[in-house]
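Asks: Pasting model.txt below, which is compact mmCIF, C-alpha atoms.
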# COMPACT_ATOMS: atom_id res chain seq x y z
CA MET A 766 0.00 0.00 0.00
CA ASN A 767 2.83 2.40 0.97
CA SER A 768 4.82 2.35 -2.26
CA ARG A 769 6.72 5.50 -1.29
CA ARG A 770 10.39 5.93 -2.20
CA ILE A 771 12.16 7.72 0.65
CA LEU A 772 15.62 9.27 0.98
CA VAL A 773 16.97 9.33 4.57
CA VAL A 774 19.40 12.13 5.49
CA GLU A 775 20.90 11.35 8.93
CA ASP A 776 24.53 11.68 10.08
CA GLU A 777 24.25 9.18 12.95
CA ALA A 778 24.54 5.69 11.48
CA ILE A 779 22.59 3.94 14.23
CA VAL A 780 19.71 6.40 14.00
CA ALA A 781 19.77 6.13 10.19
CA LEU A 782 19.58 2.32 10.42
CA ASP A 783 16.72 2.54 12.93
CA ILE A 784 14.78 4.84 10.58
CA GLN A 785 15.33 2.45 7.66
CA ASN A 786 14.00 -0.47 9.69
CA ARG A 787 10.97 1.46 10.76
CA LEU A 788 10.26 2.53 7.17
CA LYS A 789 10.61 -1.06 5.96
CA HIS A 790 8.23 -2.24 8.66
CA MET A 791 5.70 0.37 7.54
CA GLY A 792 6.02 -0.75 3.91
CA TYR A 793 8.14 2.10 2.53
CA GLU A 794 11.23 1.78 0.31
CA THR A 795 14.43 3.52 1.35
CA VAL A 796 16.19 4.54 -1.88
CA GLY A 797 19.26 5.97 -0.19
CA VAL A 798 20.92 7.16 3.02
CA CYS A 799 23.34 10.07 3.32
CA ALA A 800 25.03 11.97 6.14
CA THR A 801 25.77 15.42 4.65
CA GLY A 802 23.75 18.23 3.14
CA GLU A 803 25.86 18.20 -0.01
CA GLU A 804 25.27 14.47 -0.52
CA ALA A 805 21.53 14.95 0.14
CA VAL A 806 21.28 17.53 -2.64
CA ASP A 807 23.21 15.29 -5.02
CA LYS A 808 21.13 12.16 -4.32
CA ALA A 809 17.86 14.10 -4.42
CA GLY A 810 18.66 15.15 -7.97
CA LYS A 811 19.75 11.68 -9.07
CA LEU A 812 17.29 9.41 -7.23
CA LYS A 813 14.17 11.65 -7.39
CA PRO A 814 12.60 10.16 -4.23
CA ASP A 815 8.94 10.75 -3.35
CA ILE A 816 9.92 12.28 0.00
CA ILE A 817 13.03 13.11 2.03
CA LEU A 818 13.41 12.63 5.80
CA MET A 819 15.93 15.33 6.77
CA ASP A 820 17.93 15.76 9.98
CA ILE A 821 18.89 19.39 10.60
CA MET A 822 22.32 19.00 12.23
CA LEU A 823 24.52 17.20 9.66
CA GLU A 824 28.19 16.59 8.98
CA GLY A 825 29.96 18.95 6.58
CA GLY A 826 29.45 22.62 5.82
CA MET A 827 25.76 22.43 4.80
CA ASP A 828 23.11 21.69 7.40
CA GLY A 829 19.71 20.11 6.73
CA ILE A 830 17.84 23.41 6.45
CA GLU A 831 20.18 24.79 3.81
CA ALA A 832 20.08 21.47 1.91
CA ALA A 833 16.27 21.41 2.10
CA GLY A 834 16.11 24.93 0.68
CA ILE A 835 18.23 23.94 -2.33
CA ILE A 836 16.24 20.75 -2.89
CA ASN A 837 12.94 22.61 -2.68
CA GLU A 838 14.10 25.25 -5.14
CA ASN A 839 15.73 22.90 -7.66
CA PHE A 840 13.70 19.69 -7.47
CA GLY A 841 10.48 20.45 -5.61
CA ILE A 842 10.73 17.24 -3.55
CA PRO A 843 8.84 17.37 -0.23
CA VAL A 844 11.01 17.39 2.90
CA ILE A 845 10.08 16.27 6.42
CA TYR A 846 12.43 17.33 9.20
CA LEU A 847 13.39 14.63 11.76
CA THR A 848 15.33 16.53 14.42
CA ALA A 849 15.95 16.93 18.12
CA TYR A 850 15.96 20.72 17.75
CA ALA A 851 12.77 22.65 18.43
CA ASP A 852 14.10 26.07 19.42
CA GLN A 853 12.41 29.14 17.91
CA LYS A 854 15.41 30.19 15.82
CA THR A 855 15.68 26.76 14.17
CA LEU A 856 11.93 26.66 13.53
CA GLU A 857 11.99 30.10 11.88
CA ARG A 858 14.83 29.00 9.57
CA ALA A 859 13.02 25.77 8.74
CA LYS A 860 9.78 27.56 7.83
CA ILE A 861 11.50 29.37 4.97
CA THR A 862 12.06 26.04 3.15
CA ASN A 863 8.32 25.20 3.16
CA PRO A 864 8.67 21.80 4.86
CA PHE A 865 5.91 19.20 4.67
CA GLY A 866 6.40 18.13 8.29
CA TYR A 867 8.50 18.68 11.43
CA ILE A 868 8.93 15.72 13.79
CA ILE A 869 10.82 15.99 17.06
CA LYS A 870 12.99 13.04 18.07
CA PRO A 871 12.21 10.63 19.60
CA PHE A 872 9.02 9.83 17.69
CA GLU A 873 6.49 7.05 17.34
CA ASP A 874 6.06 4.99 14.16
CA ARG A 875 2.42 6.07 13.89
CA GLU A 876 3.48 9.75 14.03
CA LEU A 877 6.08 9.20 11.31
CA GLN A 878 3.73 7.25 9.04
CA THR A 879 0.93 9.79 9.44
CA THR A 880 3.29 12.67 8.69
CA ILE A 881 4.68 10.91 5.60
CA GLU A 882 1.21 10.14 4.19
CA MET A 883 -0.08 13.65 4.87
CA ALA A 884 3.07 15.13 3.31
CA VAL A 885 2.72 13.01 0.17
CA TYR A 886 -0.99 13.81 -0.09
CA LYS A 887 -0.35 17.54 0.34
CA PHE A 888 2.50 17.43 -2.16
CA GLU A 889 0.37 15.67 -4.79
CA THR A 890 -2.54 18.02 -4.18
CA ASP A 891 -0.28 21.06 -4.46
CA ARG A 892 1.30 19.66 -7.61
CA LYS A 893 -2.11 19.15 -9.21
CA LEU A 894 -3.04 22.70 -8.27
CA VAL A 895 0.18 24.07 -9.73
CA LEU A 896 -0.30 22.07 -12.93
CA SER A 897 -3.91 23.23 -13.14
CA GLU A 898 -2.87 26.85 -12.66
CA ARG A 899 -0.11 26.45 -15.23
CA TRP A 900 -2.55 24.88 -17.69
CA LEU A 901 -5.05 27.64 -17.08
CA ALA A 902 -2.44 30.38 -17.40
CA THR A 903 -1.11 28.87 -20.63
CA THR A 904 -4.64 28.57 -22.00
CA LEU A 905 -5.50 32.17 -21.11
CA LYS A 906 -2.27 33.41 -22.66
CA SER A 907 -2.96 31.44 -25.84
CA LEU A 908 -6.54 32.66 -26.32
CA GLY A 909 -7.29 34.96 -29.23
CA GLU A 910 -9.50 37.08 -26.95
CA ALA A 911 -8.21 39.62 -24.47
CA VAL A 912 -8.62 38.45 -20.86
CA VAL A 913 -8.45 40.51 -17.68
CA THR A 914 -9.24 39.24 -14.17
CA THR A 915 -9.86 41.26 -11.02
CA GLY A 916 -9.95 40.38 -7.34
CA GLU A 917 -12.60 41.04 -4.74
CA ASP A 918 -11.33 44.62 -4.37
CA GLY A 919 -11.78 45.28 -8.10
CA CYS A 920 -8.03 45.48 -8.76
CA ILE A 921 -6.54 43.76 -11.79
CA GLN A 922 -4.75 40.50 -10.96
CA PHE A 923 -4.11 39.06 -14.43
CA ILE A 924 -3.96 40.32 -18.00
CA ASN A 925 -3.06 38.10 -20.96
CA PRO A 926 -0.69 39.04 -23.82
CA VAL A 927 -3.55 39.71 -26.25
CA ALA A 928 -4.96 42.36 -23.93
CA GLU A 929 -1.50 43.85 -23.44
CA THR A 930 -0.90 44.09 -27.18
CA PHE A 931 -4.38 45.28 -28.07
CA LEU A 932 -4.44 48.03 -25.45
CA GLY A 933 -0.76 48.88 -25.59
CA ILE A 934 -0.36 48.56 -21.82
CA ASP A 935 2.27 46.77 -19.75
CA VAL A 936 1.11 44.08 -17.33
CA ASP A 937 3.42 45.44 -14.63
CA VAL A 938 1.77 48.84 -14.90
CA VAL A 939 -1.86 47.69 -14.59
CA ILE A 940 -1.59 44.91 -11.99
CA GLY A 941 -3.09 46.19 -8.75
CA ARG A 942 -5.05 49.01 -10.43
CA THR A 943 -8.81 49.01 -10.90
CA ILE A 944 -10.62 48.65 -14.23
CA GLN A 945 -11.97 52.18 -13.84
CA GLU A 946 -8.45 53.55 -13.45
CA VAL A 947 -7.14 51.73 -16.51
CA PHE A 948 -10.24 52.28 -18.70
CA PRO A 949 -11.95 55.44 -17.36
CA GLN A 950 -13.76 56.16 -20.63
CA ASN A 951 -15.87 52.99 -20.81
CA ASN A 952 -18.68 54.02 -18.42
CA GLY A 953 -19.13 50.66 -16.73
CA CYS A 954 -19.14 48.57 -19.93
CA LEU A 955 -16.17 46.59 -18.65
CA THR A 956 -17.35 46.24 -15.05
CA THR A 957 -21.08 45.52 -15.35
CA LEU A 958 -21.85 41.78 -15.41
CA GLY A 959 -23.10 40.35 -18.71
CA SER A 960 -22.35 40.95 -22.38
CA HIS A 961 -21.87 44.46 -23.69
CA SER A 962 -20.66 46.30 -26.75
CA CYS A 963 -18.57 49.43 -26.46
CA ARG A 964 -15.56 51.15 -27.95
CA MET A 965 -12.04 50.91 -26.58
CA PRO A 966 -8.80 52.73 -27.36
CA THR A 967 -6.04 50.62 -28.90
CA SER A 968 -2.27 50.79 -28.77
CA ALA A 969 -2.40 52.53 -32.16
CA GLY A 970 -4.41 55.38 -30.67
CA ALA A 971 -7.61 54.42 -32.48
CA SER A 972 -10.95 53.53 -30.99
CA VAL A 973 -12.46 50.22 -32.06
CA PRO A 974 -15.73 48.43 -31.29
CA VAL A 975 -15.40 45.50 -28.90
CA GLU A 976 -17.72 42.88 -27.49
CA ALA A 977 -17.11 42.42 -23.77
CA ASN A 978 -18.34 39.72 -21.42
CA VAL A 979 -17.99 40.21 -17.68
CA SER A 980 -18.52 37.15 -15.45
CA PRO A 981 -18.29 36.81 -11.65
CA ILE A 982 -15.85 34.50 -9.87
CA ILE A 983 -17.76 32.71 -7.12
CA ASP A 984 -16.16 30.79 -4.24
CA ASP A 985 -17.52 27.60 -2.61
CA TRP A 986 -19.72 29.65 -0.27
CA GLY A 987 -21.33 31.71 -3.03
CA ASN A 988 -19.28 34.82 -2.39
CA ASN A 989 -18.21 37.02 -5.29
CA ILE A 990 -14.41 37.11 -5.10
CA GLY A 991 -13.65 38.76 -8.43
CA LYS A 992 -14.53 39.13 -12.09
CA VAL A 993 -13.30 37.83 -15.42
CA LEU A 994 -13.45 40.24 -18.34
CA VAL A 995 -13.15 38.81 -21.86
CA PHE A 996 -13.33 41.13 -24.84
CA ARG A 997 -12.66 40.85 -28.54
CA ASP A 998 -12.23 43.26 -31.42
CA ILE A 999 -15.39 43.13 -33.54
CA SER A 1000 -14.31 45.74 -36.10
CA GLU A 1001 -14.35 43.23 -38.92
CA ARG A 1002 -17.75 41.90 -37.91
CA VAL A 1003 -19.19 45.42 -37.67
CA LYS A 1004 -17.72 46.25 -41.06
CA ASN A 1005 -19.19 43.08 -42.58
CA GLU A 1006 -22.58 43.81 -41.03
CA GLU A 1007 -22.52 47.34 -42.44
CA ASN A 1008 -21.57 46.01 -45.87
CA LEU A 1009 -24.34 43.42 -45.62
CA GLN A 1010 -26.87 46.10 -44.68
CA ARG A 1011 -25.81 48.20 -47.65
CA TYR A 1012 -26.04 45.16 -49.90
CA VAL A 1013 -29.49 44.25 -48.58
CA ALA A 1014 -30.62 47.86 -49.04
CA SER A 1015 -29.31 47.74 -52.60
CA LEU A 1016 -31.15 44.47 -53.24
CA ARG A 1017 -34.34 45.92 -51.79
CA GLY A 1018 -33.94 48.94 -54.04
CA THR A 1019 -33.46 46.68 -57.05
CA LEU A 1020 -36.46 44.59 -56.01
CA ALA A 1021 -38.62 47.68 -55.58
CA ALA A 1022 -37.60 48.98 -59.00
CA THR A 1023 -38.25 45.58 -60.58
CA VAL A 1024 -41.69 45.32 -58.96
CA GLU A 1025 -42.52 48.84 -60.11
CA ALA A 1026 -41.41 47.99 -63.64
CA LEU A 1027 -43.61 44.88 -63.66
CA ALA A 1028 -46.57 46.86 -62.36
CA VAL A 1029 -46.10 49.51 -65.04
CA THR A 1030 -45.83 46.78 -67.68
CA ALA A 1031 -49.23 45.43 -66.67
CA GLU A 1032 -50.82 48.87 -66.65
CA LYS A 1033 -49.47 49.66 -70.09
CA ARG A 1034 -51.77 46.92 -71.31
CA ASP A 1035 -54.73 48.50 -69.47
CA PRO A 1036 -54.11 52.28 -69.32
CA TYR A 1037 -57.71 52.99 -68.41
CA THR A 1038 -57.15 51.43 -64.96
CA ALA A 1039 -53.68 52.86 -64.52
CA GLY A 1040 -52.92 53.36 -60.83
CA HIS A 1041 -55.33 50.59 -59.72
CA GLN A 1042 -52.56 48.30 -58.46
CA GLN A 1043 -50.82 51.10 -56.56
CA ARG A 1044 -54.06 52.14 -54.85
CA VAL A 1045 -54.95 48.52 -53.97
CA ALA A 1046 -51.46 48.06 -52.54
CA ALA A 1047 -51.83 51.25 -50.47
CA LEU A 1048 -55.23 50.26 -49.05
CA ALA A 1049 -54.17 46.67 -48.35
CA HIS A 1050 -51.05 47.94 -46.59
CA ALA A 1051 -53.12 50.33 -44.45
CA ILE A 1052 -55.61 47.60 -43.47
CA ALA A 1053 -52.86 45.13 -42.54
CA ALA A 1054 -50.93 47.77 -40.58
CA ALA A 1055 -54.05 48.66 -38.61
CA GLN A 1056 -54.47 44.97 -37.77
CA GLY A 1057 -50.92 44.78 -36.40
CA MET A 1058 -49.15 42.87 -39.18
CA ASP A 1059 -45.36 43.05 -38.81
CA ASP A 1060 -43.25 45.20 -41.13
CA GLU A 1061 -41.77 42.30 -43.08
CA ARG A 1062 -45.16 40.84 -44.00
CA LEU A 1063 -46.48 44.33 -44.73
CA GLU A 1064 -43.80 44.76 -47.36
CA GLY A 1065 -44.69 41.41 -48.93
CA LEU A 1066 -48.35 42.41 -49.04
CA ARG A 1067 -47.48 45.74 -50.63
CA VAL A 1068 -45.48 43.98 -53.36
CA ALA A 1069 -48.33 41.54 -53.98
CA GLY A 1070 -50.74 44.48 -54.23
CA LEU A 1071 -48.57 46.18 -56.83
CA LEU A 1072 -48.47 42.97 -58.89
CA HIS A 1073 -51.87 41.40 -58.27
CA ASP A 1074 -53.07 42.13 -61.83
CA ILE A 1075 -49.77 41.34 -63.60
CA GLY A 1076 -51.53 38.42 -65.31
CA LYS A 1077 -53.59 40.85 -67.39
CA ILE A 1078 -50.68 41.25 -69.78
CA TYR A 1079 -51.93 37.92 -71.19
CA ILE A 1080 -55.40 39.39 -71.89
CA PRO A 1081 -55.93 41.04 -75.30
CA ALA A 1082 -55.95 44.83 -75.02
CA GLU A 1083 -59.28 45.11 -76.83
CA ILE A 1084 -60.97 43.08 -74.09
CA LEU A 1085 -59.36 45.10 -71.31
CA ALA A 1086 -60.49 48.34 -72.94
CA LYS A 1087 -63.90 47.13 -74.18
CA PRO A 1088 -66.46 49.89 -73.41
CA SER A 1089 -69.38 47.49 -73.05
CA VAL A 1090 -70.29 44.57 -70.81
CA LEU A 1091 -68.03 41.56 -71.35
CA THR A 1092 -69.40 38.30 -72.74
CA SER A 1093 -69.13 35.11 -70.69
CA ILE A 1094 -66.22 33.96 -72.87
CA GLU A 1095 -64.43 37.28 -72.42
CA MET A 1096 -65.09 37.20 -68.67
CA GLY A 1097 -63.72 33.66 -68.52
CA LEU A 1098 -60.57 34.89 -70.22
CA ILE A 1099 -60.30 37.79 -67.77
CA LYS A 1100 -60.57 35.37 -64.86
CA THR A 1101 -57.41 33.58 -65.98
CA HIS A 1102 -55.31 36.58 -64.98
CA SER A 1103 -54.86 35.29 -61.40
CA GLU A 1104 -53.37 32.02 -62.64
CA VAL A 1105 -51.28 33.76 -65.28
CA GLY A 1106 -49.96 36.13 -62.63
CA HIS A 1107 -49.06 33.14 -60.47
CA GLU A 1108 -47.22 31.50 -63.36
CA ILE A 1109 -45.27 34.71 -64.01
CA LEU A 1110 -44.28 35.22 -60.36
CA LYS A 1111 -43.93 31.70 -58.90
CA ASN A 1112 -40.27 31.25 -59.86
CA ILE A 1113 -39.18 34.67 -58.60
CA PRO A 1114 -37.46 34.10 -55.21
CA PHE A 1115 -39.41 36.68 -53.24
CA PRO A 1116 -38.96 36.44 -49.44
CA TRP A 1117 -42.78 36.34 -49.22
CA PRO A 1118 -45.48 34.13 -50.87
CA VAL A 1119 -46.28 36.83 -53.43
CA ALA A 1120 -47.30 34.40 -56.19
CA ASP A 1121 -49.82 32.69 -53.88
CA MET A 1122 -51.27 36.02 -52.77
CA VAL A 1123 -51.76 37.00 -56.42
CA LEU A 1124 -53.33 33.62 -57.22
CA GLN A 1125 -55.83 33.93 -54.37
CA HIS A 1126 -56.87 37.59 -54.55
CA HIS A 1127 -60.21 36.73 -56.25
CA GLU A 1128 -61.03 33.85 -53.90
CA ARG A 1129 -63.86 34.34 -51.39
CA ILE A 1130 -64.18 32.96 -47.86
CA ASN A 1131 -67.35 30.98 -48.75
CA GLY A 1132 -65.60 29.19 -51.64
CA THR A 1133 -67.42 31.02 -54.47
CA GLY A 1134 -64.32 32.81 -55.77
CA TYR A 1135 -61.85 31.77 -58.45
CA PRO A 1136 -59.71 30.09 -59.67
CA SER A 1137 -59.77 27.27 -57.05
CA GLY A 1138 -62.84 27.93 -54.89
CA LEU A 1139 -60.80 28.14 -51.70
CA LYS A 1140 -62.48 29.17 -48.47
CA ASP A 1141 -61.79 30.43 -44.94
CA ASP A 1142 -58.42 29.27 -43.55
CA GLN A 1143 -57.38 27.88 -46.93
CA LEU A 1144 -56.72 31.49 -47.88
CA LEU A 1145 -53.67 33.45 -46.84
CA GLU A 1146 -54.43 36.36 -44.52
CA GLU A 1147 -52.78 38.65 -47.08
CA SER A 1148 -55.05 37.30 -49.83
CA ARG A 1149 -58.17 38.02 -47.76
CA ILE A 1150 -56.97 41.60 -47.30
CA LEU A 1151 -56.15 42.00 -51.01
CA ALA A 1152 -59.62 40.75 -51.93
CA VAL A 1153 -61.33 43.53 -49.94
CA ALA A 1154 -58.90 46.24 -51.08
CA ASP A 1155 -59.31 45.17 -54.73
CA VAL A 1156 -63.13 45.28 -54.61
CA VAL A 1157 -63.27 48.64 -52.84
CA GLU A 1158 -60.81 50.29 -55.24
CA ALA A 1159 -62.38 48.76 -58.37
CA MET A 1160 -65.90 49.91 -57.45
CA SER A 1161 -64.62 53.36 -56.53
CA SER A 1162 -62.89 53.85 -59.90
CA HIS A 1163 -64.01 54.27 -63.50
CA ARG A 1164 -63.96 51.29 -65.83
CA PRO A 1165 -64.23 51.27 -69.65
CA TYR A 1166 -67.72 49.78 -69.44
CA ARG A 1167 -69.03 51.93 -66.53
CA ALA A 1168 -68.50 55.05 -64.50
CA SER A 1169 -67.26 54.92 -60.92
CA LEU A 1170 -69.84 53.50 -58.53
CA GLY A 1171 -68.41 55.57 -55.72
CA LEU A 1172 -66.79 54.78 -52.38
CA ALA A 1173 -70.11 54.58 -50.54
CA ARG A 1174 -71.35 51.81 -52.85
CA ALA A 1175 -68.05 50.00 -52.47
CA LEU A 1176 -68.20 50.10 -48.68
CA GLU A 1177 -71.84 49.00 -48.78
CA GLU A 1178 -70.81 46.00 -50.90
CA ILE A 1179 -68.26 44.75 -48.39
CA LYS A 1180 -70.62 45.46 -45.47
CA ARG A 1181 -73.40 43.45 -47.10
CA ASN A 1182 -71.12 40.49 -47.80
CA ARG A 1183 -69.19 40.70 -44.56
CA ASP A 1184 -68.57 37.15 -43.28
CA VAL A 1185 -70.05 35.80 -46.55
CA LEU A 1186 -67.58 36.71 -49.27
CA TYR A 1187 -65.13 38.79 -47.27
CA ASP A 1188 -63.21 38.33 -44.03
CA PRO A 1189 -65.24 40.20 -41.35
CA ALA A 1190 -62.18 41.54 -39.49
CA VAL A 1191 -60.74 42.90 -42.75
CA VAL A 1192 -64.07 44.49 -43.67
CA ASP A 1193 -64.39 46.16 -40.26
CA THR A 1194 -60.87 47.53 -40.41
CA CYS A 1195 -61.32 48.84 -43.97
CA ILE A 1196 -64.55 50.66 -43.09
CA GLU A 1197 -63.00 52.14 -39.95
CA LEU A 1198 -60.06 53.50 -41.98
CA PHE A 1199 -62.32 55.36 -44.37
CA GLU A 1200 -64.91 56.52 -41.85
CA SER A 1201 -62.27 57.83 -39.45
CA GLY A 1202 -60.43 59.63 -42.24
CA SER A 1203 -57.29 57.60 -41.61
CA PHE A 1204 -57.17 56.59 -45.30
CA ALA A 1205 -58.34 58.08 -48.57
CA PHE A 1206 -57.61 57.11 -52.14
CA GLU A 1207 -57.09 60.75 -53.05
CA ALA A 1208 -54.11 60.87 -50.68
CA GLN A 1209 -52.54 58.01 -52.62
CA GLY A 1210 -52.65 59.86 -55.91
CA ARG A 1211 -54.22 58.73 -59.17
CA ALA A 1212 -52.22 58.07 -62.35
Would you give me this structure, written as structure tokens?
Replies:
Amino acid sequence: MNSRRILVVEDEAIVALDIQNRLKHMGYETVGVCATGEEAVDKAGKLKPDIILMDIMLEGGMDGIEAAGIINENFGIPVIYLTAYADQKTLERAKITNPFGYIIKPFEDRELQTTIEMAVYKFETDRKLVLSERWLATTLKSLGEAVVTTGEDGCIQFINPVAETFLGIDVDVVIGRTIQEVFPQNNGCLTTLGSHSCRMPTSAGASVPVEANVSPIIDDWGNNIGKVLVFRDISERVKNEENLQRYVASLRGTLAATVEALAVTAEKRDPYTAGHQQRVAALAHAIAAAQGMDDERLEGLRVAGLLHDIGKIYIPAEILAKPSVLTSIEMGLIKTHSEVGHEILKNIPFPWPVADMVLQHHERINGTGYPSGLKDDQLLEESRILAVADVVEAMSSHRPYRASLGLARALEEIKRNRDVLYDPAVVDTCIELFESGSFAFEAQGRA
């Protein structure tokens, strides 16, 4: 059980032999015996014992305390003093060498064994702690992020090379100073727990954006004994985000121009109803906004409104501009514009279901609409809104085959068919917008 390798340093041969016998009886291995401090240092380096039992008064010019100091400094081998000296002066000298035990002769075997086992346990525990600290320190120094730690008093205890280089500060200068003293311009960003973004000065004299994370160091009793601050330069990320935002804005501009061009293309085929799609888009947008639809979906609805009649480019111009009532064949042809619009738009990678909104804008909640006879929840919310906006605008405007029926007639139509053809919530919102003066077609402009 006691597979400890022990070096005995004792200048009295009989005592040395007695110690060896005791160690053997306790199950320990004596790897060597020496009588001088010089020989103890030499054998400690060569034999690398687990522990050394050291007498203080030795032959030669080096006593046990001096030898133990050299061994501790050069080899880190634990030393237990076995001595007859217990005076205060000797004890004070011995303390300096960080001994792992101090046994006064004569001693009992149990006392010696207990001291040896406790010394080995303490040595192994201390070694693990040192290795752990060394591993941690090496890891912190190797990190790409800047790391700063503070103690319970808020003073800096550690700063890694990345932080030194980034900030252009010397570790010897900042150790023992508070974060506020070193970084007075950061207004608590580097001391408040959690993640923060702020700007910090660099060694080059510039100010760069950083992302900082401040975490508490908690002891076994739940007490806050310090903080760890980790921060990284996010200049490149900020730059990339700005470039991405500019690119997205450019794409949105291109998309808006493309949608506008498509809408104009459709209206060129039907100049008499020019502006219809823009006004439907404006009313649909206002209804959806009043109902609390989020901005992203609002934009998709606006685009669908601008393009809902794009399929009419397939309809012969003479039918679109016919000044009399359409025949059933002509009306059947007109009704294909929803499907044609869907075919035109379905392969365009809009971030919204624009093609489906266009396909469904003539559907009705009771299933009597076209082209598929969808009803209720089969319809997109945006399509139900477009349906109401389209009817109200169409009835309020002139057509080749009739004069405008007026806004009042249009609102009466959706009131009468509320919860029959049209979504009741959409109808209520639409009527409220007009009656309250929150929306008017005149404000949208007519082409």
Asks: Could you please give me, as a ChimeraX atom specification, the residues of protein, DNA or RNA lying at most 12 Å from (-57.6, 33.5, -65.9) in the coordinate frame of the file, considering all atoms listed in the file?
Replies: /A:1074-1080,1094-1108,1123-1125,1127,1135-1137
Asks: Nearest to Gly797 in chain A: which of A:Asp1121, A:Glu1006, A:Asp984, A:Asp815 is it, counting all atoms listed in the file?
Replies: A:Asp815
Asks: Please, which residues are within 9 Å of (-10.6, 45.5, -7.7) by the file's coordinates, counting only C-alpha atoms, and could they come as a ChimeraX atom specification?
Replies: /A:915-922,941-944,991-992
Asks: Measure the distance from CA of Lys1033 in chain A to CA of Leu1063 in chain A in Å and round it to one decimal.
Replies: 26.1 Å
Asks: Taking 3 positions as the minimum chain separation for residues in the same chain, which residues sit within 10 Å of Asn839 in chain A when counting only C-alpha atoms? Answer as a list in words.
Replies: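 So the residues in contact are Val806, Ala809, Gly810, Ala833, Gly834, Ile835, Ile836 and Ile842 of chain A.
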Asks: Determine, counting all atoms listed in the file, which protein, DNA and RNA residues have an atom within 12 Å of an atom of Val1185 in chain A; residues of the same chain fewer than 6 positions away are not included. Present the result as an NGL selection string.
Replies: :A and (1128-1134 or 1140-1141 or 1178-1179 or 1192)
Asks: May I ask for the distance between CA of Pro926 in chain A and CA of Phe840 in chain A, given in Å to one decimal place?
Replies: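 These two atoms are separated by 29.1 Å.
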Asks: With the cut-off set at 12 Å and counting all atoms listed in the file, tabulate each residue of range 1134-1191 of chain A with an atom at most that distance from an atom of range 1043-1049 of chain A, showing the nearest atom pair and its distance in Å to one decimal, ordered by chain and increasing number, as a Markdown table.
Replies:
| residue | atom | partner | partner_atom | distance |
| --- | --- | --- | --- | --- |
| A:Glu1146 | CA | A:Ala1049 | CA | 11.0 |
| A:Glu1147 | CA | A:Ala1049 | CA | 8.2 |
| A:Ser1148 | CA | A:Ala1049 | CA | 9.5 |
| A:Arg1149 | CA | A:Ala1049 | CA | 9.5 |
| A:Ile1150 | CA | A:Ala1049 | CA | 5.9 |
| A:Leu1151 | CA | A:Ala1049 | CA | 5.7 |
| A:Ala1152 | CA | A:Ala1049 | CA | 8.8 |
| A:Val1153 | CA | A:Ala1049 | CA | 8.0 |
| A:Ala1154 | CA | A:Val1045 | CA | 5.4 |
| A:Asp1155 | CA | A:Val1045 | CA | 5.6 |
| A:Val1156 | CA | A:Val1045 | CA | 8.8 |
| A:Val1157 | CA | A:Val1045 | CA | 8.4 |
| A:Glu1158 | CA | A:Val1045 | CA | 6.3 |
| A:Ala1159 | CA | A:Val1045 | CA | 8.6 |
| A:Met1160 | CA | A:Val1045 | CA | 11.6 |
| A:Ser1161 | CA | A:Arg1044 | CA | 10.8 |
| A:Ser1162 | CA | A:Arg1044 | CA | 10.3 |
| A:Val1191 | CA | A:Ala1049 | CA | 9.4 |
Asks: Could you make a table, as a Markdown table, of the residues of range 776-797 of chain A that have an atom within 12 Å of an atom of range 823-829 of chain A, each with its nearest atom pair and distance in Å to one decimal, counting all atoms listed in the file, in chain and number order?
Replies:
| residue | atom | partner | partner_atom | distance |
| --- | --- | --- | --- | --- |
| A:Asp776 | CA | A:Leu823 | CA | 5.5 |
| A:Glu777 | CA | A:Leu823 | CA | 8.7 |
| A:Ala778 | CA | A:Leu823 | CA | 11.7 |
Asks: Report the distance between CA of Val975 in chain A and CA of Ser1000 in chain A in Å, rounded to one decimal place.
Replies: 7.3 Å
Asks: Could you check which of A:Ala1021, A:Val913, A:Ile940, A:Ile1052 is closest to Val979 in chain A, using all atoms listed in the file?
Replies: A:Val913
